[in-house]
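Undergrad: Sharing data-v4.txt here; it has compact mmCIF, C-alpha atoms and all ligand atoms.
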```txt
# COMPACT_ATOMS: atom_id res chain seq x y z
CA MET M 10 18.64 -33.64 39.85
CA PRO M 11 18.26 -30.77 42.34
CA ASP M 12 20.32 -30.85 45.50
CA LEU M 13 17.68 -31.64 48.12
CA MET M 14 20.08 -32.20 50.99
CA PRO M 15 19.86 -29.80 53.94
CA GLN M 16 22.43 -27.05 53.57
CA SER M 17 24.28 -27.28 56.88
CA SER M 18 24.99 -30.97 57.17
CA PRO M 19 27.26 -31.86 60.02
CA ALA M 20 27.35 -35.62 60.67
CA SER M 21 24.73 -35.36 63.44
CA SER M 22 22.17 -33.77 61.10
CA GLU M 23 22.75 -36.30 58.32
CA PRO M 24 19.27 -37.47 57.29
CA LEU M 25 18.14 -40.88 58.47
CA LEU M 26 16.85 -41.72 54.99
CA VAL M 27 17.83 -40.29 51.61
CA VAL M 28 15.99 -41.32 48.44
CA GLU M 29 17.75 -40.44 45.17
CA GLY M 30 16.32 -40.99 41.71
CA LEU M 31 14.01 -43.74 42.94
CA THR M 32 12.28 -45.35 39.98
CA LYS M 33 9.85 -48.25 39.77
CA TYR M 34 8.46 -49.31 36.40
CA PHE M 35 6.11 -52.27 36.05
CA PRO M 36 6.32 -54.00 32.67
CA ILE M 37 3.15 -54.41 30.59
CA ARG M 38 3.19 -57.84 28.93
CA ARG M 39 0.99 -59.00 26.05
CA GLY M 40 0.55 -61.99 23.78
CA PHE M 41 1.38 -65.68 24.01
CA PHE M 42 5.08 -65.04 24.71
CA LYS M 43 4.29 -62.31 27.25
CA ARG M 44 6.42 -59.78 25.39
CA VAL M 45 7.00 -56.49 27.17
CA VAL M 46 5.03 -53.87 25.22
CA GLY M 47 5.26 -50.94 27.63
CA GLN M 48 5.97 -49.75 31.16
CA VAL M 49 3.77 -48.39 33.92
CA LYS M 50 5.87 -45.62 35.43
CA ALA M 51 4.62 -45.97 39.01
CA VAL M 52 7.54 -44.05 40.56
CA ASP M 53 9.65 -41.91 38.26
CA HIS M 54 12.95 -40.47 39.55
CA VAL M 55 11.81 -39.40 43.00
CA ASP M 56 14.17 -37.55 45.40
CA PHE M 57 13.64 -36.68 49.06
CA TYR M 58 15.23 -37.06 52.48
CA VAL M 59 13.82 -37.59 55.98
CA GLN M 60 15.62 -36.25 59.03
CA GLU M 61 15.72 -38.29 62.24
CA GLY M 62 12.63 -37.58 64.38
CA GLU M 63 10.82 -35.91 61.48
CA THR M 64 7.53 -36.80 59.78
CA LEU M 65 7.43 -36.39 56.02
CA GLY M 66 3.94 -36.56 54.54
CA LEU M 67 3.64 -38.07 51.05
CA VAL M 68 0.35 -37.08 49.44
CA GLY M 69 -1.44 -37.63 46.17
CA GLU M 70 -4.43 -39.19 44.48
CA SER M 71 -4.88 -42.95 44.26
CA GLY M 72 -2.32 -44.57 41.95
CA CYS M 73 0.18 -41.68 42.07
CA GLY M 74 2.97 -43.97 43.32
CA LYS M 75 3.10 -43.02 46.99
CA THR M 76 2.47 -46.54 48.34
CA THR M 77 4.89 -48.00 45.77
CA THR M 78 7.54 -45.56 47.07
CA GLY M 79 6.96 -46.83 50.63
CA ARG M 80 7.14 -50.46 49.51
CA CYS M 81 10.41 -49.84 47.66
CA ILE M 82 11.93 -48.40 50.86
CA LEU M 83 11.12 -51.68 52.61
CA ARG M 84 12.32 -53.64 49.56
CA ALA M 85 8.90 -55.31 49.60
CA ILE M 86 9.17 -54.70 45.84
CA GLU M 87 12.38 -54.29 43.83
CA PRO M 88 13.10 -50.73 42.68
CA THR M 89 13.97 -50.42 38.98
CA ASP M 90 16.61 -47.75 39.61
CA GLY M 91 17.86 -45.23 42.18
CA ARG M 92 19.37 -45.25 45.66
CA ILE M 93 17.76 -45.51 49.09
CA LEU M 94 20.38 -44.60 51.69
CA PHE M 95 19.53 -45.53 55.27
CA ARG M 96 21.54 -44.92 58.42
CA ASP M 97 21.15 -48.29 60.16
CA PRO M 98 22.35 -48.44 63.80
CA LYS M 99 24.19 -51.75 63.19
CA LEU M 100 25.08 -51.77 59.48
CA GLY M 101 25.93 -48.06 59.20
CA ARG M 102 24.97 -46.15 56.06
CA VAL M 103 23.62 -48.62 53.51
CA ASP M 104 21.96 -48.47 50.10
CA ILE M 105 18.82 -50.55 50.64
CA CYS M 106 18.62 -51.25 46.89
CA LYS M 107 21.93 -53.13 47.03
CA LEU M 108 21.45 -55.27 50.15
CA ASP M 109 21.39 -59.07 50.05
CA LYS M 110 18.60 -61.09 51.69
CA GLU M 111 20.29 -61.38 55.09
CA GLN M 112 21.08 -57.65 55.22
CA ILE M 113 17.48 -56.81 54.27
CA ARG M 114 16.29 -58.98 57.15
CA LEU M 115 18.55 -56.98 59.51
CA VAL M 116 17.47 -53.60 58.11
CA ARG M 117 13.78 -54.52 58.45
CA ARG M 118 14.20 -54.50 62.20
CA ASN M 119 14.66 -50.76 61.89
CA ILE M 120 12.30 -50.01 59.00
CA ARG M 121 8.73 -51.13 59.62
CA MET M 122 5.38 -50.53 57.95
CA ILE M 123 1.89 -49.79 59.27
CA PHE M 124 -0.80 -50.92 56.84
CA GLN M 125 -3.99 -49.21 55.74
CA ASP M 126 -6.55 -51.91 56.40
CA PRO M 127 -6.63 -53.05 60.03
CA TYR M 128 -9.05 -55.85 59.07
CA ALA M 129 -7.07 -57.46 56.24
CA SER M 130 -3.63 -56.98 57.80
CA LEU M 131 -4.26 -59.10 60.92
CA ASN M 132 -4.51 -62.90 60.71
CA PRO M 133 -7.88 -63.82 62.32
CA ARG M 134 -6.48 -67.18 63.48
CA MET M 135 -3.69 -65.65 65.55
CA THR M 136 -3.95 -64.22 69.06
CA LEU M 137 -2.55 -60.77 69.85
CA LEU M 138 0.40 -62.52 71.51
CA ASP M 139 1.19 -64.32 68.24
CA ILE M 140 0.59 -61.25 66.07
CA VAL M 141 2.60 -58.72 68.07
CA GLY M 142 5.21 -61.32 69.02
CA ALA M 143 5.71 -62.57 65.42
CA PRO M 144 8.42 -60.04 64.38
CA LEU M 145 10.24 -60.52 67.70
CA ARG M 146 10.26 -64.29 67.20
CA ALA M 147 11.24 -64.06 63.52
CA MET M 148 14.13 -61.69 64.28
CA GLY M 149 15.26 -63.70 67.32
CA LEU M 150 14.77 -60.69 69.60
CA ALA M 151 12.75 -62.38 72.35
CA HIS M 152 11.35 -65.76 73.36
CA GLY M 153 9.16 -67.28 76.09
CA LYS M 154 8.46 -65.08 79.08
CA GLU M 155 10.58 -62.23 77.72
CA LEU M 156 8.47 -62.19 74.56
CA GLU M 157 5.22 -62.14 76.56
CA ASP M 158 6.52 -59.24 78.65
CA ARG M 159 7.47 -57.30 75.51
CA VAL M 160 4.04 -57.94 73.94
CA ALA M 161 2.36 -56.77 77.16
CA GLN M 162 4.51 -53.63 77.13
CA MET M 163 3.68 -52.90 73.48
CA LEU M 164 -0.06 -53.39 74.05
CA GLN M 165 0.11 -50.96 76.95
CA LEU M 166 2.04 -48.46 74.85
CA VAL M 167 -0.68 -48.43 72.19
CA GLY M 168 -3.48 -48.12 74.75
CA LEU M 169 -4.65 -51.76 74.95
CA ARG M 170 -4.82 -53.89 78.08
CA PRO M 171 -2.12 -56.59 78.33
CA GLU M 172 -4.81 -59.09 79.45
CA TYR M 173 -6.11 -58.98 75.87
CA MET M 174 -3.07 -60.78 74.50
CA ARG M 175 -4.81 -64.18 74.30
CA ARG M 176 -7.76 -62.79 72.36
CA TYR M 177 -8.27 -62.85 68.58
CA PRO M 178 -8.58 -59.77 66.31
CA HIS M 179 -12.34 -60.27 65.69
CA ALA M 180 -12.97 -59.18 69.30
CA PHE M 181 -11.73 -55.66 68.53
CA SER M 182 -13.03 -52.56 66.75
CA GLY M 183 -11.33 -50.98 63.71
CA GLY M 184 -9.47 -48.43 65.84
CA GLN M 185 -8.32 -51.12 68.28
CA ARG M 186 -7.16 -53.31 65.40
CA GLN M 187 -5.07 -50.45 64.07
CA ARG M 188 -3.52 -50.18 67.56
CA ILE M 189 -2.67 -53.90 67.34
CA GLY M 190 -1.04 -53.26 63.93
CA LEU M 191 0.93 -50.42 65.50
CA ALA M 192 2.09 -52.65 68.38
CA ARG M 193 3.25 -55.28 65.85
CA ALA M 194 5.13 -52.73 63.74
CA LEU M 195 6.84 -51.11 66.72
CA ALA M 196 7.62 -54.27 68.72
CA PRO M 197 11.24 -54.52 67.43
CA TYR M 198 11.82 -50.82 68.43
CA PRO M 199 12.42 -49.60 64.86
CA LYS M 200 13.92 -46.24 63.84
CA PHE M 201 11.86 -45.56 60.71
CA VAL M 202 8.19 -46.33 60.04
CA VAL M 203 6.33 -46.14 56.72
CA CYS M 204 2.73 -45.34 57.71
CA ASP M 205 0.69 -46.36 54.65
CA GLU M 206 -2.66 -44.55 54.95
CA PRO M 207 -3.00 -45.74 58.57
CA VAL M 208 -6.25 -43.87 59.27
CA SER M 209 -7.99 -43.97 55.86
CA ALA M 210 -10.10 -47.02 56.71
CA LEU M 211 -11.19 -45.65 60.10
CA ASP M 212 -14.16 -43.54 61.22
CA VAL M 213 -13.35 -39.83 61.44
CA SER M 214 -13.91 -39.92 65.22
CA VAL M 215 -11.24 -42.63 65.58
CA GLN M 216 -8.77 -41.07 63.13
CA ALA M 217 -7.80 -38.30 65.55
CA GLN M 218 -7.10 -40.83 68.33
CA ILE M 219 -4.75 -42.85 66.11
CA LEU M 220 -2.99 -39.70 64.83
CA ASN M 221 -2.47 -38.50 68.40
CA LEU M 222 -1.19 -41.93 69.37
CA LEU M 223 1.27 -41.91 66.46
CA GLU M 224 2.57 -38.52 67.62
CA ASP M 225 2.92 -39.69 71.24
CA LEU M 226 4.75 -42.86 70.18
CA GLN M 227 7.05 -40.83 67.94
CA GLU M 228 8.09 -38.75 70.93
CA GLN M 229 8.42 -41.66 73.34
CA MET M 230 10.30 -43.98 70.98
CA GLY M 231 12.23 -41.42 68.91
CA LEU M 232 10.56 -42.56 65.66
CA THR M 233 10.84 -41.11 62.18
CA TYR M 234 7.80 -41.40 59.89
CA LEU M 235 7.06 -41.39 56.19
CA PHE M 236 3.31 -40.74 56.35
CA VAL M 237 1.53 -41.75 53.15
CA ALA M 238 -2.00 -40.38 52.63
CA HIS M 239 -4.39 -39.18 49.95
CA ASP M 240 -5.95 -36.61 52.28
CA LEU M 241 -3.99 -33.39 52.83
CA SER M 242 -6.00 -32.54 55.94
CA VAL M 243 -4.78 -35.76 57.64
CA VAL M 244 -1.18 -35.03 56.70
CA ALA M 245 -1.41 -31.45 58.01
CA HIS M 246 -1.83 -32.63 61.57
CA ILE M 247 1.16 -34.92 61.75
CA SER M 248 3.78 -33.84 59.19
CA ASP M 249 6.73 -31.46 59.53
CA ARG M 250 7.13 -31.33 55.74
CA VAL M 251 4.90 -32.50 52.90
CA ALA M 252 5.74 -33.90 49.45
CA VAL M 253 2.95 -33.89 46.84
CA MET M 254 3.08 -36.64 44.18
CA TYR M 255 1.43 -36.66 40.78
CA VAL M 256 1.75 -39.60 38.35
CA GLY M 257 4.95 -41.00 39.87
CA LYS M 258 6.75 -37.68 40.41
CA ILE M 259 7.06 -35.29 43.34
CA VAL M 260 5.68 -31.96 42.11
CA GLU M 261 6.00 -29.92 45.32
CA LEU M 262 7.87 -30.31 48.60
CA ALA M 263 7.90 -27.81 51.48
CA SER M 264 7.36 -27.39 55.20
CA THR M 265 3.74 -28.13 56.11
CA ALA M 266 3.01 -24.53 57.11
CA GLU M 267 4.42 -23.11 53.89
CA LEU M 268 2.84 -25.68 51.58
CA PHE M 269 -0.59 -25.03 53.06
CA SER M 270 -0.41 -21.25 53.29
CA SER M 271 1.56 -20.59 50.14
CA PRO M 272 1.37 -23.42 47.57
CA LYS M 273 3.41 -22.99 44.40
CA HIS M 274 2.08 -25.83 42.24
CA PRO M 275 -1.42 -25.68 40.69
CA TYR M 276 -2.03 -29.34 41.64
CA THR M 277 -1.34 -28.58 45.32
CA GLU M 278 -3.67 -25.60 45.09
CA ALA M 279 -6.44 -27.86 43.76
CA LEU M 280 -5.88 -30.46 46.51
CA LEU M 281 -6.00 -27.73 49.16
CA SER M 282 -9.14 -26.32 47.63
CA ALA M 283 -10.88 -29.69 48.11
CA ILE M 284 -10.35 -29.70 51.90
CA PRO M 285 -13.66 -29.02 53.65
CA LEU M 286 -13.30 -26.03 56.00
CA PRO M 287 -15.55 -25.39 59.01
CA ASP M 288 -16.13 -21.83 57.85
CA PRO M 289 -16.07 -21.60 54.04
CA ARG M 290 -16.02 -17.78 54.05
CA PRO M 291 -12.20 -17.40 54.23
CA ARG M 292 -11.93 -19.45 51.01
CA GLU M 293 -11.26 -16.99 48.21
CA LYS M 294 -11.92 -19.37 45.35
CA ARG M 295 -12.59 -23.03 44.71
CA VAL M 296 -10.30 -24.78 42.23
CA LEU M 297 -12.03 -27.70 40.57
CA LEU M 298 -9.87 -30.34 38.94
CA THR M 299 -11.23 -31.41 35.58
CA GLY M 300 -10.21 -34.40 33.48
CA GLU M 301 -8.71 -37.70 34.53
CA VAL M 302 -5.41 -38.41 36.29
CA ALA M 303 -2.79 -39.06 33.58
CA ASN M 304 -2.15 -42.69 32.67
CA PRO M 305 1.31 -43.66 34.08
CA ALA M 306 1.68 -46.15 31.21
CA ASN M 307 1.23 -43.36 28.67
CA PRO M 308 1.75 -40.00 30.37
CA PRO M 309 1.28 -36.73 28.48
CA SER M 310 4.26 -34.88 27.03
CA GLY M 311 5.87 -31.97 28.89
CA CYS M 312 4.35 -31.37 32.30
CA TYR M 313 2.20 -34.40 33.16
CA PHE M 314 -0.35 -32.08 34.78
CA HIS M 315 -0.89 -29.85 31.71
CA PRO M 316 -4.19 -31.43 30.47
CA ARG M 317 -5.82 -30.57 33.84
CA CYS M 318 -4.04 -27.32 34.65
CA SER M 319 -5.88 -24.02 34.28
CA TYR M 320 -2.56 -22.10 34.19
CA ALA M 321 -1.00 -24.20 31.37
CA GLU M 322 0.73 -22.45 28.46
CA GLU M 323 2.36 -23.76 25.28
CA ILE M 324 5.69 -24.60 26.96
CA CYS M 325 3.87 -26.89 29.42
CA LYS M 326 2.85 -29.22 26.56
CA THR M 327 6.37 -29.73 25.27
CA HIS M 328 8.89 -29.23 28.11
CA GLU M 329 9.03 -31.03 31.43
CA PRO M 330 9.64 -28.50 34.23
CA GLU M 331 12.65 -28.73 36.56
CA PHE M 332 12.26 -29.37 40.30
CA ASP M 333 13.13 -25.82 41.32
CA GLU M 334 13.90 -24.48 44.82
CA VAL M 335 11.73 -21.33 44.78
CA THR M 336 12.42 -20.35 48.40
CA PRO M 337 14.79 -22.13 50.84
CA GLY M 338 13.46 -25.68 51.32
CA HIS M 339 10.43 -25.12 49.05
CA TYR M 340 10.69 -27.09 45.79
CA VAL M 341 8.23 -27.02 42.92
CA LYS M 342 8.04 -28.72 39.53
CA CYS M 343 6.26 -26.05 37.50
CA HIS M 344 7.48 -23.64 34.81
CA PHE M 345 5.68 -20.80 36.59
CA GLY M 346 6.27 -21.77 40.23
CA ARG M 347 8.01 -18.44 40.91
CA GLU M 348 5.32 -16.33 39.24
CA LEU M 349 1.92 -17.81 40.02
CA SER M 350 -0.01 -16.43 42.96
CA LEU M 351 -1.96 -19.43 44.22
CA THR M 352 -4.52 -19.79 46.99
CA GLY M 353 -3.65 -21.74 50.14
CA VAL M 354 -5.44 -22.55 53.36
CA VAL M 355 -4.94 -20.20 56.28
CA ARG M 356 -6.52 -22.24 59.06
CA MET M 357 -6.91 -26.01 58.95
CA PRO M 358 -10.05 -27.67 60.34
CA ASP M 359 -9.62 -29.39 63.74
CA ARG M 360 -9.81 -33.16 63.77
FE1 LIG M 401 0.49 -26.11 35.06
FE2 LIG M 401 2.41 -25.58 33.29
FE3 LIG M 401 2.95 -25.51 35.89
FE4 LIG M 401 2.48 -27.85 34.69
S1 LIG M 401 4.18 -26.46 34.30
S2 LIG M 401 1.65 -27.18 36.63
S3 LIG M 401 0.91 -27.26 33.23
S4 LIG M 401 1.54 -24.15 34.77
```
Translate this file's structure into structure tokens.
Ligand code: SF4
TA:
Amino acid sequence: MPDLMPQSSPASSEPLLVVEGLTKYFPIRRGFFKRVVGQVKAVDHVDFYVQEGETLGLVGESGCGKTTTGRCILRAIEPTDGRILFRDPKLGRVDICKLDKEQIRLVRRNIRMIFQDPYASLNPRMTLLDIVGAPLRAMGLAHGKELEDRVAQMLQLVGLRPEYMRRYPHAFSGGQRQRIGLARALAPYPKFVVCDEPVSALDVSVQAQILNLLEDLQEQMGLTYLFVAHDLSVVAHISDRVAVMYVGKIVELASTAELFSSPKHPYTEALLSAIPLPDPRPREKRVLLTGEVANPANPPSGCYFHPRCSYAEEICKTHEPEFDEVTPGHYVKCHFGRELSLTGVVRMPDR
């Protein structure tokens, strides 16, 4: 495993979250006795860290394991293997994978999730007061008038009027519903938020408003984000660093500026090439991905990307590449990451 920790690491710069060798396999069962006949390798030995106050973007196609990674961090699903170290203000440094039920309940005050679908994630029978107040009530953080005041404050913070608190979700638009979801997630004043495709279900015109709001709230509340998305152009606007996932593995990780301007993995190059630019002239070439995403239940040998990679050579079919630090802080899982000259994006489109 490569050493992904920041080089100068005095106690104050210790990352808020460190993920080491995180693995999640789902068993495939067949027959009358439901015998295990295989494994879907949804997340396969993933390593990264997130510094306090930072936003790490986690990007990849549907089914690459990015949402599963986020759900493991919350222990919404049980990881198969690995460590998730979190610096909790009360519990100190803990391995989330090893916590008991009561400790998980405590940690979840500080690790929250924002969901993709603002329609499905809000109970239509509950008022905003009930929805936003639910985590406060469940964690015993506020009751009665104090709870109402906190809900009013959260609604204001996300740009909704406190008078709305007795209304039901159906009275609100998609963008407003996502604001309600944000208020619910942030009501306990967490430290770390997993944003699971929070703008994917919204109109493009509303996406920018929610992204700006997320940035403002990060500054005001000192939040740290893991921002999960399938769209690199969304991630570009909010992330300090970006990790690209392919079939359960991180294949490239770098600062946002470097990953976009100077990608080192052919898969990243292809994803960048798919971003629509306002002026297509600066684009030197278009990289079209052919073939299907590899099956995580039966991935190809060697580099998982080799059947779709236009730079593949014989070694790619037989040997899995290392996760190599090609320049300081820029990691790539490709045999030719140091040699290939790939095309990036110089100027991102405005949102
Ligand atoms: Fe392509 Fe080979 Fe690099 Fe995999 S290791 S991305 S197949 S060049």
Undergrad: Identify which of the residues M:Pro275, M:Pro36, M:Pro98, M:Gly353 lies closest to ligand LIG 401 (chain M), counting all atoms listed in the file when measuring atom-to-atom distances.
TA: M:Pro275
Undergrad: Excluding segment 306-313 of chain M and its own-chain neighbours fewer than 3 positions away, which residues fall within 10 Å of it when counting all atoms listed in the file? Please give them as a PyMOL selection string.
TA: chain M and resi 34-37+47-51+255-258+260+302-303+316-318+321+323-331+342-344
Undergrad: Kindly extract all protein, DNA and RNA residues lying within 10 Å of the coordinates (11.4, -20.5, 40.7) given in the file, considering all atoms listed in the file, and supply them as a list in words.
TA: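 Neighbouring residues, ordered by chain and number, come to Lys273, Glu331, Phe332, Asp333, Glu334, Val335, Thr336, His339, Tyr340, Val341, Lys342, Cys343, His344, Phe345, Gly346, Arg347, Glu348 and Leu349 of chain M.
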Undergrad: So which residues fall inside 8 Å of (20.8, -41.0, 53.1) if we count all atoms listed in the file? Mind giving them as a list in words?
TA: Glu23, Pro24, Leu25, Leu26, Val27, Val28, Tyr58, Ile93, Leu94, Phe95, Arg96 and Arg102 of chain M
Undergrad: Listing only residues of segment 88-204 of chain M within 8 Å of segment 211-232 of chain M, what is the closest atom pair and its distance in Å (to one decimal) for each, using all atoms listed in the file, sorted by chain and residue number ascending, as a Markdown table?
TA:
```
| residue | atom | partner | partner_atom | distance |
| --- | --- | --- | --- | --- |
| M:Leu166 | CA | M:Leu226 | CA | 7.8 |
| M:Val167 | CA | M:Leu222 | CA | 7.1 |
| M:Gly183 | CA | M:Leu211 | CA | 6.4 |
| M:Gly184 | CA | M:Val215 | CA | 6.1 |
| M:Gln187 | CA | M:Ile219 | CA | 7.9 |
| M:Arg188 | CA | M:Ile219 | CA | 7.6 |
| M:Tyr198 | CA | M:Met230 | CA | 7.5 |
| M:Pro199 | CA | M:Leu232 | CA | 7.3 |
| M:Lys200 | CA | M:Leu232 | CA | 5.3 |
| M:Phe201 | CA | M:Leu232 | CA | 5.9 |
| M:Val202 | CA | M:Leu232 | CA | 7.2 |
```
Undergrad: For C-alpha atoms, I'd like the residues from the last selection saved as an mmCIF file, in the frame of the given file.
TA:
```cif
data_model
loop_
_atom_site.group_PDB
_atom_site.id
_atom_site.type_symbol
_atom_site.label_atom_id
_atom_site.label_comp_id
_atom_site.auth_asym_id
_atom_site.auth_seq_id
_atom_site.Cartn_x
_atom_site.Cartn_y
_atom_site.Cartn_z
ATOM 1 C CA LEU M 166 2.040 -48.460 74.850
ATOM 2 C CA VAL M 167 -0.680 -48.430 72.190
ATOM 3 C CA GLY M 183 -11.330 -50.980 63.710
ATOM 4 C CA GLY M 184 -9.470 -48.430 65.840
ATOM 5 C CA GLN M 187 -5.070 -50.450 64.070
ATOM 6 C CA ARG M 188 -3.520 -50.180 67.560
ATOM 7 C CA TYR M 198 11.820 -50.820 68.430
ATOM 8 C CA PRO M 199 12.420 -49.600 64.860
ATOM 9 C CA LYS M 200 13.920 -46.240 63.840
ATOM 10 C CA PHE M 201 11.860 -45.560 60.710
ATOM 11 C CA VAL M 202 8.190 -46.330 60.040
#
```
Undergrad: Figure out the distance between atom CA of Asp205 of chain M and atom CA of Leu297 of chain M, please, to one decimal in Å.
TA: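 Separation between atom CA of Leu297 of chain M and atom CA of Asp205 of chain M: 26.6 Å.
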Undergrad: With distances taken over only C-alpha atoms, which residue among M:Val354, M:Ala252, M:Ala283, M:Leu268 lies nearest Leu67 of chain M?
TA: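 Of M:Val354, M:Ala252, M:Ala283, M:Leu268, the one nearest Leu67 of chain M, counting only C-alpha atoms, is M:Ala252.
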Undergrad: When you draw a straight line from atom CA of Pro133 of chain M to atom CA of Tyr177 of chain M, how long is it in Å?
TA: 6.3 Å
Undergrad: From the options M:Leu298, M:Ile86, M:Leu31, M:Cys204, which residue's atoms come nearest to ligand LIG 401 (chain M), counting only C-alpha atoms and all ligand atoms?
TA: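 Answer, going by the shortest atom-to-atom distance: M:Leu298.
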Undergrad: For Phe57 of chain M, which of M:Leu137, M:Ala151, M:Ile82, M:Ala245 is the closest residue, counting only C-alpha atoms?
TA: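 Ranking M:Leu137, M:Ala151, M:Ile82, M:Ala245 by distance to Phe57 of chain M, first place goes to M:Ile82.
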Undergrad: Restricting the calculation to all atoms listed in the file, which member of M:Met254, M:Leu131, M:Ile189, M:Val116 is positioned closest to Asp104 of chain M?
TA: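 Checking each of M:Met254, M:Leu131, M:Ile189, M:Val116 against Asp104 of chain M, counting all atoms listed in the file, the winner is M:Val116.
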Undergrad: May I ask which of the residues M:Lys75, M:Arg175, M:Arg38, M:Lys33 is the closest one to Ile140 of chain M, counting only C-alpha atoms?
TA: M:Arg175
Undergrad: What is the atom CA of Tyr173 of chain M-atom CA of Glu206 of chain M distance in Å, reported with one decimal?
TA: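 Atom-to-atom, atom CA of Tyr173 of chain M and atom CA of Glu206 of chain M are spaced 25.6 Å apart.
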Undergrad: As lines of an AutoDock Vina configuration file, what would the box around segment 45-56 of chain M look like: edges along x, y and z, 4 Å added on every side, centre and edge lengths in Å to one decimal?
TA:
```
center_x = 9.0
center_y = -47.0
center_z = 35.3
size_x = 18.4
size_y = 26.9
size_z = 28.2
```
Undergrad: Give me the residues near Leu138 of chain M as a list in words, where near means some atom within 9 Å (using all atoms listed in the file) and where sequence neighbours in that chain fewer than 5 positions away do not count.
TA: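 Counting only the stated atoms, we get Ala143, Leu156, Glu157, Val160, Ala161, Tyr173, Met174, Arg175 and Arg176 of chain M.
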Undergrad: What lies within 7 Å of Pro88 of chain M using all atoms listed in the file, ignoring chain neighbours under 6 positions off, as an mmCIF file with C-alpha atoms, in the frame of the given file?
TA:
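Final output, result_28.cif:
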```cif
data_model
loop_
_atom_site.group_PDB
_atom_site.id
_atom_site.type_symbol
_atom_site.label_atom_id
_atom_site.label_comp_id
_atom_site.auth_asym_id
_atom_site.auth_seq_id
_atom_site.Cartn_x
_atom_site.Cartn_y
_atom_site.Cartn_z
ATOM 1 C CA THR M 32 12.280 -45.350 39.980
ATOM 2 C CA LYS M 33 9.850 -48.250 39.770
ATOM 3 C CA CYS M 81 10.410 -49.840 47.660
ATOM 4 C CA CYS M 106 18.620 -51.250 46.890
#
```
Undergrad: Within 12 Å of Leu145 of chain M, counting all atoms listed in the file, which residues qualify if same-chain residues fewer than 2 places away don't, as a PyMOL selection string?
TA: chain M and resi 117-118+138-143+147-153+155-160+163+192-199
